[in-house]
Amino acid sequence: MSALDVTDLRISYDTRRGRREVVHGVDLTIDEGEVLALVGESGSGKSTTAHALLGLLPAGGRIEGGSIRIGDTDVSGWSDARLRSVRGARIGLVPQDPVSSLDPVRRIGVQVGEILRLHGERDPKAIRHRVIDLLERVGLDDPQLRASQYPHELSGGMRQRVLIATAIALKPRLIIADEPTSALDATVSRHILDLLDELREEDGTALLLVTHDLGVAADRADRITVLRDGDVVESGRTGDILAAPADRYTRQLLADAPAFQTVEPRTPPAPLYLRDPDAAGAEDPFAIVAEGIVKRFAARGREPFLAVDDVSFRVRRGTTHAIVGESGSGKTTTARIVTRFLDADAGTVSIDGSDVLALRGRGLRELRRDVQLVYQNPFSSLDPRQSIGSIVAEPLVNFRIGSRAERRDRVAELLERVALPADAAERSARELSGGQRQRVAIARALAAGPRVVVLDEAVSALDVTVQARILELLDSLQQELGLTYLFISHDLAVVRRLSHTVSVMRKGRVVESGDTREIFERPAHEYTRELLAAVPGRPSHTVSPARKELVP
Amino acid sequence: MSAGLTDPLTDTVIDVSAPAATPVTAPAAATAEPPRARRRRRLPAPGLIVAIAVLALAVAWVIIPSVFAPADPLTGVPADKLQGPSLAHLFGTDQLGRDVLTRVVHGAVHSLTGALVAVLVGLVVGTVVGVLSGSIGGIVDDVLMRIVDVLLAIPGLLLSLSVIILLGFGTVNAAIAVGIGSIASFARLSRSEVVRVRRTDYVEAAFGSGGRFLTVLRRHVLPNSLTAVLGLAALQFGTAILAISTLGFLGYGAPPPTPEWGLLIAEGRNYVATAWWLTVFPGLVVLAVVLSANRLSQAISRRTR
């Protein structure tokens, strides 16, 4: 008997132009205790399928046909009220975003206890005991304290653990994890996936893992089902799919997953300044030199928090320097100091030999021509009311570069440069996908002809396939325009793809820095090794149980 | 990312719909369709159509009252006094034999322009205060918001009455008084919207693209924060009609025999027992217009989201 058996599942959504089928006959089977990964990019229908199993389709969504069997019960066509007995009890759900999935005004203990109350437990003492047990089970330190805290007092990883505690509270036979780690850092992700693995082994629970990263699927799943545009394109044992992907799309996904990338790490003495005698002859081959940057954040009634503590690095002209670390390591603060959106408390930053930390007013504005920042989230970094054309033209207008007609030509050229269709200039950002929006943001950053581009997690919010295309774009732009990149990321797999040199940051300090190859092949610091181990799909991937005290 | 942390409420709302939006919109954006199909408007809800019709009728009364009521609103036929509603006099007649419908139609100009002036005063002054406060911040913000606190602390009617006593009686002065009463809420709302928009990545990116303070304010902050303010303006329009009518009823507005709606109801009050139509019909008209303005405001603020 299988834990879940789905045949010919079809789901449609209500749109302005009538109903639109988004999942066309998906078959899934998960055996007891098995891990099935449902892989696909956004829009492939993977989350829709997972939510449909629980009857949690959003308004406008409807199951058009097919059957869903959970264990030996056929639940297809069940009403919402009847499905309530299945949710939590038979199938647990670990949602995607731990930040918005917990009620901000209720204590953790109450929220975990709610599922017990809803399914008939009345004794407050028993509930309390069970909640503490569950919180301990998912590896939270001091469960008593955690139960009495509010969600904002917990980190993202801890919140995801709380949600997992809720999912396993009633010992369901199947857990659906919908992109459980996409909002988390690489290291935290690994701990969360380890936890799911552990729980599964102890209880023999089956797991449906929804993910866009084939690397994660390869590490964790027994079998993989690849979805594209609502169709299953390939399904089989993990080893078989990785060894011999039958479908073209699977091969593409495999090629794009940063973890499987076979590209050699880039080495620093690569481009431009060797080929360009002027640059080679110049006394200073460095585009960015940061020396001893310190930044404190003072919060009312608290000790000032040292976000960046004596950070130094140098970036050669025309190369990429990556700053890697988990959230809270100070890497974004460093990037914002270099771009002068924040003031440093101490230290110097020179760009092309001139100190930029002292710049004010007019000088600061001129700096923006040379230094540009690309943001992590392409959905928030573009003005929703502007057309793509005016977004890209904005730096040109601000710096009074060219006439109206020249600006229009330049915009068309930039859009072509980032591989967007020419008619995109007339459209609004709303009509574009995440990857396309990030291309727009890159085009805007390039408009005024900067020499340094700071990429703050610029590909972290994107699917692996889109990520791969953006990285290719950044690479070719660097080679053609001789740009210097400062690349901020938590994901070492992505870093290897683009950067020549790396600084690893932890708690505001640089713990290790050097050539990318060096860092990858001979990591010196314990923390760098930890980061490397967190990269999914690596052959050397080993989970040492001794790391438990590092749990976030 | 920061928006998600600071605004859990909207974040949750977005996230609930996210699984739906992703599969539906992503392919839609990918396939190149003619833009016209995408921009096709959905038919508004029936309630909204009724609301717009009511407001359009009220506006028509302001512009061309004699088409709807050719008679003179100020002179009546004494013989026909205090007649109940009939085909000749749909809303009945008052104690001087004047047709109530005619007076309501001709009164629209007083009540509606009054409300318009009131909303404009509130909108302009309030938004300027709010935008200054939200975009400059610091001490300016503190000072302006404490003044707004004081305005909020005084009951609206009392504030309007004090202003009228300072300015003198009359329709326009009543309207200004009501407008001053609504400055505080406009200032608060526009400030919160400006503060929200100022924190977004695209505003920082605009500064990063070399934008100056005023340019960024004009190009990004104002367009993205004012929709909610316009929604409040429509809501305030309804409230202002009510407030002006209240002042008229209390005798602080236009003097008789002006057919202003509040005054109509006030004059009818003396005959409530014998001639109910004098208060009921003007009252219903006020009610219908206020409700319609509220409905329109709701539609505007819903479109913002």
# chains A, B, ... in the order shown; residues from 1 in each chain; ligands from 1

call {"tool": "residues_around", "arguments": {"residues": "Ala79 of chain B", "least_positions_apart": "5", "cutoff": "12 Å", "atoms": "only C-alpha atoms", "output": "list of chain:residue names"}}
result
B:Thr93, B:Asp94, B:Gln95, B:Leu96, B:Gly97, B:Arg98

call {"tool": "residues_around", "arguments": {"residues": "Gly33 of chain A", "least_positions_apart": "2", "cutoff": "6 Å", "atoms": "only C-alpha atoms", "output": "short mmCIF file (atom, residue, chain, number, x, y, z; two decimals) with N, CA and C atoms, in the first residue's frame"}}
result
data_model
loop_
_atom_site.label_atom_id
_atom_site.label_comp_id
_atom_site.auth_asym_id
_atom_site.auth_seq_id
_atom_site.Cartn_x
_atom_site.Cartn_y
_atom_site.Cartn_z
N GLY A 204 9.30 6.66 9.97
CA GLY A 204 8.89 5.99 8.74
C GLY A 204 7.85 6.79 7.96
N THR A 205 7.87 8.10 8.11
CA THR A 205 6.91 8.95 7.41
C THR A 205 7.35 9.11 5.95
N ALA A 206 6.40 9.15 5.06
CA ALA A 206 6.73 9.46 3.66
C ALA A 206 6.83 10.97 3.51
#

call {"tool": "select_by_dssp", "arguments": {"residues": "segment 221-393 of chain A", "states": "helix (DSSP H, G or I)", "output": "ChimeraX atom specification"}}
result
/A:238-243,248-256,258-260,277-281,331-338,361-370,388-393

call {"tool": "write_last_selection", "arguments": {"atoms": "C-alpha atoms", "output": "PDB file, in the first residue's frame"}}
result
ATOM      1  CA  THR A 238      16.944   9.534  -8.341  1.00  0.00           C
ATOM      2  CA  GLY A 239      20.071   7.697  -9.428  1.00  0.00           C
ATOM      3  CA  ASP A 240      18.601   6.859 -12.824  1.00  0.00           C
ATOM      4  CA  ILE A 241      17.426  10.389 -13.527  1.00  0.00           C
ATOM      5  CA  LEU A 242      20.731  11.954 -12.559  1.00  0.00           C
ATOM      6  CA  ALA A 243      22.736   9.409 -14.488  1.00  0.00           C
ATOM      7  CA  ARG A 248      15.576  17.502 -22.672  1.00  0.00           C
ATOM      8  CA  TYR A 249      14.045  19.659 -19.956  1.00  0.00           C
ATOM      9  CA  THR A 250      15.465  17.486 -17.183  1.00  0.00           C
ATOM     10  CA  ARG A 251      18.872  17.777 -18.783  1.00  0.00           C
ATOM     11  CA  GLN A 252      18.432  21.546 -18.803  1.00  0.00           C
ATOM     12  CA  LEU A 253      17.491  21.586 -15.117  1.00  0.00           C
ATOM     13  CA  LEU A 254      20.461  19.394 -14.365  1.00  0.00           C
ATOM     14  CA  ALA A 255      22.786  21.682 -16.249  1.00  0.00           C
ATOM     15  CA  ASP A 256      21.412  24.748 -14.494  1.00  0.00           C
ATOM     16  CA  PRO A 258      24.462  25.310  -9.470  1.00  0.00           C
ATOM     17  CA  ALA A 259      25.425  22.234  -7.508  1.00  0.00           C
ATOM     18  CA  PHE A 260      26.079  20.154 -10.602  1.00  0.00           C
ATOM     19  CA  PRO A 277      48.497  47.787 -21.137  1.00  0.00           C
ATOM     20  CA  ASP A 278      47.132  50.988 -19.627  1.00  0.00           C
ATOM     21  CA  ALA A 279      45.468  49.198 -16.797  1.00  0.00           C
ATOM     22  CA  ALA A 280      48.476  46.968 -16.306  1.00  0.00           C
ATOM     23  CA  GLY A 281      50.756  49.978 -16.243  1.00  0.00           C
ATOM     24  CA  LYS A 331      27.646  41.040   4.003  1.00  0.00           C
ATOM     25  CA  THR A 332      24.723  43.186   2.878  1.00  0.00           C
ATOM     26  CA  THR A 333      25.771  45.967   5.257  1.00  0.00           C
ATOM     27  CA  THR A 334      29.220  45.869   3.673  1.00  0.00           C
ATOM     28  CA  ALA A 335      27.690  46.133   0.207  1.00  0.00           C
ATOM     29  CA  ARG A 336      25.572  49.078   1.278  1.00  0.00           C
ATOM     30  CA  ILE A 337      28.581  50.857   2.710  1.00  0.00           C
ATOM     31  CA  VAL A 338      30.499  50.389  -0.539  1.00  0.00           C
ATOM     32  CA  GLY A 361      25.930  65.880  -1.818  1.00  0.00           C
ATOM     33  CA  ARG A 362      27.145  66.464  -5.346  1.00  0.00           C
ATOM     34  CA  GLY A 363      30.161  64.158  -5.035  1.00  0.00           C
ATOM     35  CA  LEU A 364      27.961  61.357  -3.800  1.00  0.00           C
ATOM     36  CA  ARG A 365      25.626  61.824  -6.728  1.00  0.00           C
ATOM     37  CA  GLU A 366      28.540  61.654  -9.137  1.00  0.00           C
ATOM     38  CA  LEU A 367      29.633  58.421  -7.447  1.00  0.00           C
ATOM     39  CA  ARG A 368      26.327  56.845  -8.513  1.00  0.00           C
ATOM     40  CA  ARG A 369      27.484  57.021 -12.099  1.00  0.00           C
ATOM     41  CA  ASP A 370      30.368  54.733 -11.285  1.00  0.00           C
ATOM     42  CA  ILE A 388      10.282  49.417 -18.444  1.00  0.00           C
ATOM     43  CA  GLY A 389      11.597  52.050 -20.820  1.00  0.00           C
ATOM     44  CA  SER A 390      11.425  54.857 -18.272  1.00  0.00           C
ATOM     45  CA  ILE A 391      12.903  52.633 -15.547  1.00  0.00           C
ATOM     46  CA  VAL A 392      15.964  51.924 -17.666  1.00  0.00           C
ATOM     47  CA  ALA A 393      16.206  55.542 -18.817  1.00  0.00           C
TER      48      ALA A 393
END

call {"tool": "residues_around", "arguments": {"residues": "Asn398 of chain A", "least_positions_apart": "4", "cutoff": "7 Å", "atoms": "only C-alpha atoms", "output": "ChimeraX atom specification"}}
result
/A:394 /B:210-211

call {"tool": "residues_around", "arguments": {"residues": "Leu123 of chain B", "least_positions_apart": "6", "cutoff": "10 Å", "atoms": "only C-alpha atoms", "output": "MDAnalysis selection string"}}
result
chainID B and resid 117 129 179:180 182:187 190 229:230 232:233 236

call {"tool": "select_by_dssp", "arguments": {"residues": "segment 320-388 of chain A", "states": "strand (DSSP E)", "output": "CSV table (one decimal) with N, CA and C atoms, in the first residue's frame"}}
result
chain,number,residue,atom,x,y,z
A,320,THR,N,35.6,39.6,-10.4
A,320,THR,CA,34.4,39.5,-9.5
A,320,THR,C,34.9,39.1,-8.1
A,321,HIS,N,34.5,39.9,-7.1
A,321,HIS,CA,34.8,39.4,-5.7
A,321,HIS,C,33.5,39.1,-5.0
A,322,ALA,N,33.5,37.9,-4.4
A,322,ALA,CA,32.3,37.5,-3.7
A,322,ALA,C,32.4,37.7,-2.2
A,323,ILE,N,31.4,38.1,-1.6
A,323,ILE,CA,31.3,38.1,-0.1
A,323,ILE,C,30.2,37.1,0.2
A,324,VAL,N,30.7,36.1,0.9
A,324,VAL,CA,29.8,35.0,1.3
A,324,VAL,C,29.5,34.9,2.8
A,346,ALA,N,33.9,53.6,10.7
A,346,ALA,CA,35.4,53.7,10.6
A,346,ALA,C,35.8,53.0,9.4
A,347,GLY,N,37.1,53.2,9.0
A,347,GLY,CA,37.6,52.6,7.8
A,347,GLY,C,37.5,53.4,6.5
A,348,THR,N,38.1,52.9,5.5
A,348,THR,CA,38.1,53.6,4.2
A,348,THR,C,37.6,52.7,3.1
A,349,VAL,N,37.0,53.3,2.1
A,349,VAL,CA,36.6,52.5,0.9
A,349,VAL,C,37.1,53.4,-0.3
A,350,SER,N,38.0,52.9,-1.1
A,350,SER,CA,38.3,53.7,-2.3
A,350,SER,C,37.9,53.0,-3.5
A,351,ILE,N,37.3,53.7,-4.4
A,351,ILE,CA,36.9,53.2,-5.7
A,351,ILE,C,37.7,53.9,-6.7
A,354,SER,N,40.0,56.8,-5.4
A,354,SER,CA,39.5,57.9,-4.6
A,354,SER,C,38.6,57.5,-3.5
A,355,ASP,N,38.8,58.1,-2.3
A,355,ASP,CA,38.1,57.7,-1.1
A,355,ASP,C,36.6,58.2,-1.3
A,371,VAL,N,29.2,53.6,-9.5
A,371,VAL,CA,28.9,52.4,-8.7
A,371,VAL,C,27.4,52.2,-8.7
A,372,GLN,N,27.0,51.0,-9.0
A,372,GLN,CA,25.6,50.7,-9.1
A,372,GLN,C,25.3,49.5,-8.3
A,373,LEU,N,24.1,49.4,-7.7
A,373,LEU,CA,23.7,48.3,-6.9
A,373,LEU,C,22.5,47.6,-7.6
A,374,VAL,N,22.5,46.3,-7.7
A,374,VAL,CA,21.4,45.5,-8.1
A,374,VAL,C,20.8,44.7,-6.9

call {"tool": "closest_residue", "arguments": {"among": "A:His129, A:Arg106, A:Arg316, A:Arg190", "to": "Pro536 of chain A", "atoms": "only C-alpha atoms"}}
result
A:Arg190

call {"tool": "residues_around", "arguments": {"residues": "segment 211-228 of chain A", "least_positions_apart": "5", "cutoff": "6 Å", "atoms": "only C-alpha atoms", "output": "PyMOL selection string"}}
result
chain A and resi 35-41+44+179+233-238+259+536-537

call {"tool": "write_last_selection", "arguments": {"atoms": "C-alpha atoms", "output": "compact mmCIF listing (two decimals), in the first residue's frame"}}
result
# COMPACT_ATOMS: atom_id res chain seq x y z
CA VAL A 35 10.89 10.57 -0.29
CA LEU A 36 9.53 11.81 -3.59
CA ALA A 37 10.82 15.10 -4.96
CA LEU A 38 8.51 17.10 -7.18
CA VAL A 39 10.82 19.28 -9.24
CA GLY A 40 10.06 22.10 -11.64
CA GLU A 41 10.45 25.84 -12.11
CA SER A 44 5.20 24.34 -13.48
CA GLU A 179 9.95 24.51 -0.93
CA VAL A 233 8.00 15.07 -18.18
CA GLU A 234 10.01 12.48 -16.36
CA SER A 235 9.71 10.29 -13.32
CA GLY A 236 11.99 7.69 -11.87
CA ARG A 237 14.58 6.72 -9.29
CA THR A 238 16.94 9.53 -8.34
CA ALA A 259 25.43 22.23 -7.51
CA PRO A 536 23.34 20.48 -2.09
CA GLY A 537 24.29 17.75 -4.53

call {"tool": "interface_residues", "arguments": {"of": "chain A", "to": "chain B", "cutoff": "7 Å", "atoms": "only C-alpha atoms", "output": "list of chain:residue names"}}
result
A:Val22, A:Ser42, A:Gly43, A:Ser44, A:Gly45, A:Ser47, A:Thr48, A:Pro58, A:Ser100, A:Arg365, A:Arg368, A:Gln372, A:Ser380, A:Ser381, A:Leu382, A:Asp383, A:Glu394, A:Pro395, A:Asn398, A:Phe399, A:Glu431, A:Leu432, A:Ser433

call {"tool": "residues_around", "arguments": {"residues": "Glu472 of chain A", "least_positions_apart": "6", "cutoff": "12 Å", "atoms": "only C-alpha atoms", "output": "mmCIF file with N, CA and C atoms, in the first residue's frame"}}
result
data_model
loop_
_atom_site.group_PDB
_atom_site.id
_atom_site.type_symbol
_atom_site.label_atom_id
_atom_site.label_comp_id
_atom_site.auth_asym_id
_atom_site.auth_seq_id
_atom_site.Cartn_x
_atom_site.Cartn_y
_atom_site.Cartn_z
ATOM 1 N N ASP A 256 21.533 23.447 -15.129
ATOM 2 C CA ASP A 256 21.412 24.748 -14.494
ATOM 3 C C ASP A 256 21.592 24.699 -12.984
ATOM 4 N N VAL A 418 20.613 43.026 -22.483
ATOM 5 C CA VAL A 418 20.219 42.084 -21.434
ATOM 6 C C VAL A 418 19.208 41.067 -21.957
ATOM 7 N N ALA A 419 19.093 40.978 -23.295
ATOM 8 C CA ALA A 419 18.270 39.952 -23.950
ATOM 9 C C ALA A 419 16.797 40.050 -23.588
ATOM 10 N N ARG A 439 16.558 41.291 -15.224
ATOM 11 C CA ARG A 439 17.274 41.798 -16.388
ATOM 12 C C ARG A 439 17.063 43.308 -16.537
ATOM 13 N N VAL A 459 20.751 36.929 -7.546
ATOM 14 C CA VAL A 459 20.088 35.778 -8.186
ATOM 15 C C VAL A 459 19.416 34.869 -7.164
ATOM 16 N N THR A 465 16.921 27.644 -13.160
ATOM 17 C CA THR A 465 17.113 27.850 -14.600
ATOM 18 C C THR A 465 17.299 29.331 -14.914
ATOM 19 N N VAL A 466 16.450 30.162 -14.292
ATOM 20 C CA VAL A 466 16.543 31.603 -14.506
ATOM 21 C C VAL A 466 17.865 32.124 -13.955
ATOM 22 N N GLN A 478 30.447 41.299 -18.086
ATOM 23 C CA GLN A 478 31.736 41.616 -17.481
ATOM 24 C C GLN A 478 32.853 41.522 -18.519
ATOM 25 N N GLN A 479 32.783 40.486 -19.343
ATOM 26 C CA GLN A 479 33.848 40.311 -20.319
ATOM 27 C C GLN A 479 33.843 41.418 -21.367
ATOM 28 N N VAL A 494 26.659 29.212 -6.273
ATOM 29 C CA VAL A 494 26.494 30.291 -7.237
ATOM 30 C C VAL A 494 27.784 31.098 -7.351
ATOM 31 N N ARG A 497 30.494 30.021 -9.711
ATOM 32 C CA ARG A 497 30.176 30.262 -11.102
ATOM 33 C C ARG A 497 30.730 31.597 -11.611
ATOM 34 N N LEU A 498 30.733 32.595 -10.752
ATOM 35 C CA LEU A 498 30.962 33.950 -11.255
ATOM 36 C C LEU A 498 32.215 34.621 -10.711
#

call {"tool": "decode", "arguments": {"residues": "segment 456-516 of chain A", "atoms": "C-alpha atoms", "output": "short mmCIF file (atom, residue, chain, number, x, y, z; two decimals), in the first residue's frame"}}
result
data_model
loop_
_atom_site.label_atom_id
_atom_site.label_comp_id
_atom_site.auth_asym_id
_atom_site.auth_seq_id
_atom_site.Cartn_x
_atom_site.Cartn_y
_atom_site.Cartn_z
CA ASP A 456 23.32 42.03 -3.53
CA GLU A 457 22.01 38.45 -3.67
CA ALA A 458 21.00 39.34 -7.19
CA VAL A 459 20.09 35.78 -8.19
CA SER A 460 18.94 34.36 -4.85
CA ALA A 461 15.25 34.99 -5.42
CA LEU A 462 15.22 33.25 -8.79
CA ASP A 463 14.66 29.68 -9.92
CA VAL A 464 17.72 27.65 -10.85
CA THR A 465 17.11 27.85 -14.60
CA VAL A 466 16.54 31.60 -14.51
CA GLN A 467 19.49 31.96 -12.15
CA ALA A 468 21.75 30.20 -14.63
CA ARG A 469 20.67 32.54 -17.46
CA ILE A 470 21.25 35.65 -15.33
CA LEU A 471 24.69 34.41 -14.29
CA GLU A 472 25.56 33.83 -17.94
CA LEU A 473 24.40 37.34 -18.73
CA LEU A 474 26.48 38.86 -15.93
CA ASP A 475 29.49 36.91 -17.08
CA SER A 476 29.25 38.08 -20.67
CA LEU A 477 28.62 41.70 -19.60
CA GLN A 478 31.74 41.62 -17.48
CA GLN A 479 33.85 40.31 -20.32
CA GLU A 480 32.57 42.84 -22.81
CA LEU A 481 32.37 45.94 -20.63
CA GLY A 482 35.22 45.20 -18.26
CA LEU A 483 32.98 45.64 -15.23
CA THR A 484 34.08 44.98 -11.68
CA TYR A 485 31.56 43.03 -9.63
CA LEU A 486 31.11 42.82 -5.90
CA PHE A 487 28.91 39.78 -5.56
CA ILE A 488 27.05 39.23 -2.29
CA SER A 489 25.61 35.75 -1.75
CA HIS A 490 24.89 33.07 0.80
CA ASP A 491 25.20 30.33 -1.76
CA LEU A 492 28.70 29.08 -2.48
CA ALA A 493 27.54 27.08 -5.48
CA VAL A 494 26.49 30.29 -7.24
CA VAL A 495 29.66 32.07 -6.16
CA ARG A 496 31.87 29.51 -7.85
CA ARG A 497 30.18 30.26 -11.10
CA LEU A 498 30.96 33.95 -11.26
CA SER A 499 33.68 35.05 -8.88
CA HIS A 500 37.45 35.13 -9.04
CA THR A 501 38.07 35.84 -5.39
CA VAL A 502 36.00 35.25 -2.26
CA SER A 503 35.73 36.64 1.25
CA VAL A 504 33.84 34.51 3.72
CA MET A 505 32.10 36.57 6.40
CA ARG A 506 30.73 35.48 9.71
CA LYS A 507 29.29 37.66 12.46
CA GLY A 508 30.67 40.81 10.88
CA ARG A 509 34.22 39.57 10.38
CA VAL A 510 36.03 38.13 7.39
CA VAL A 511 37.07 34.65 8.47
CA GLU A 512 38.75 33.62 5.26
CA SER A 513 39.51 35.13 1.90
CA GLY A 514 41.36 34.10 -1.20
CA ASP A 515 41.00 32.79 -4.72
CA THR A 516 37.81 30.94 -5.45
#
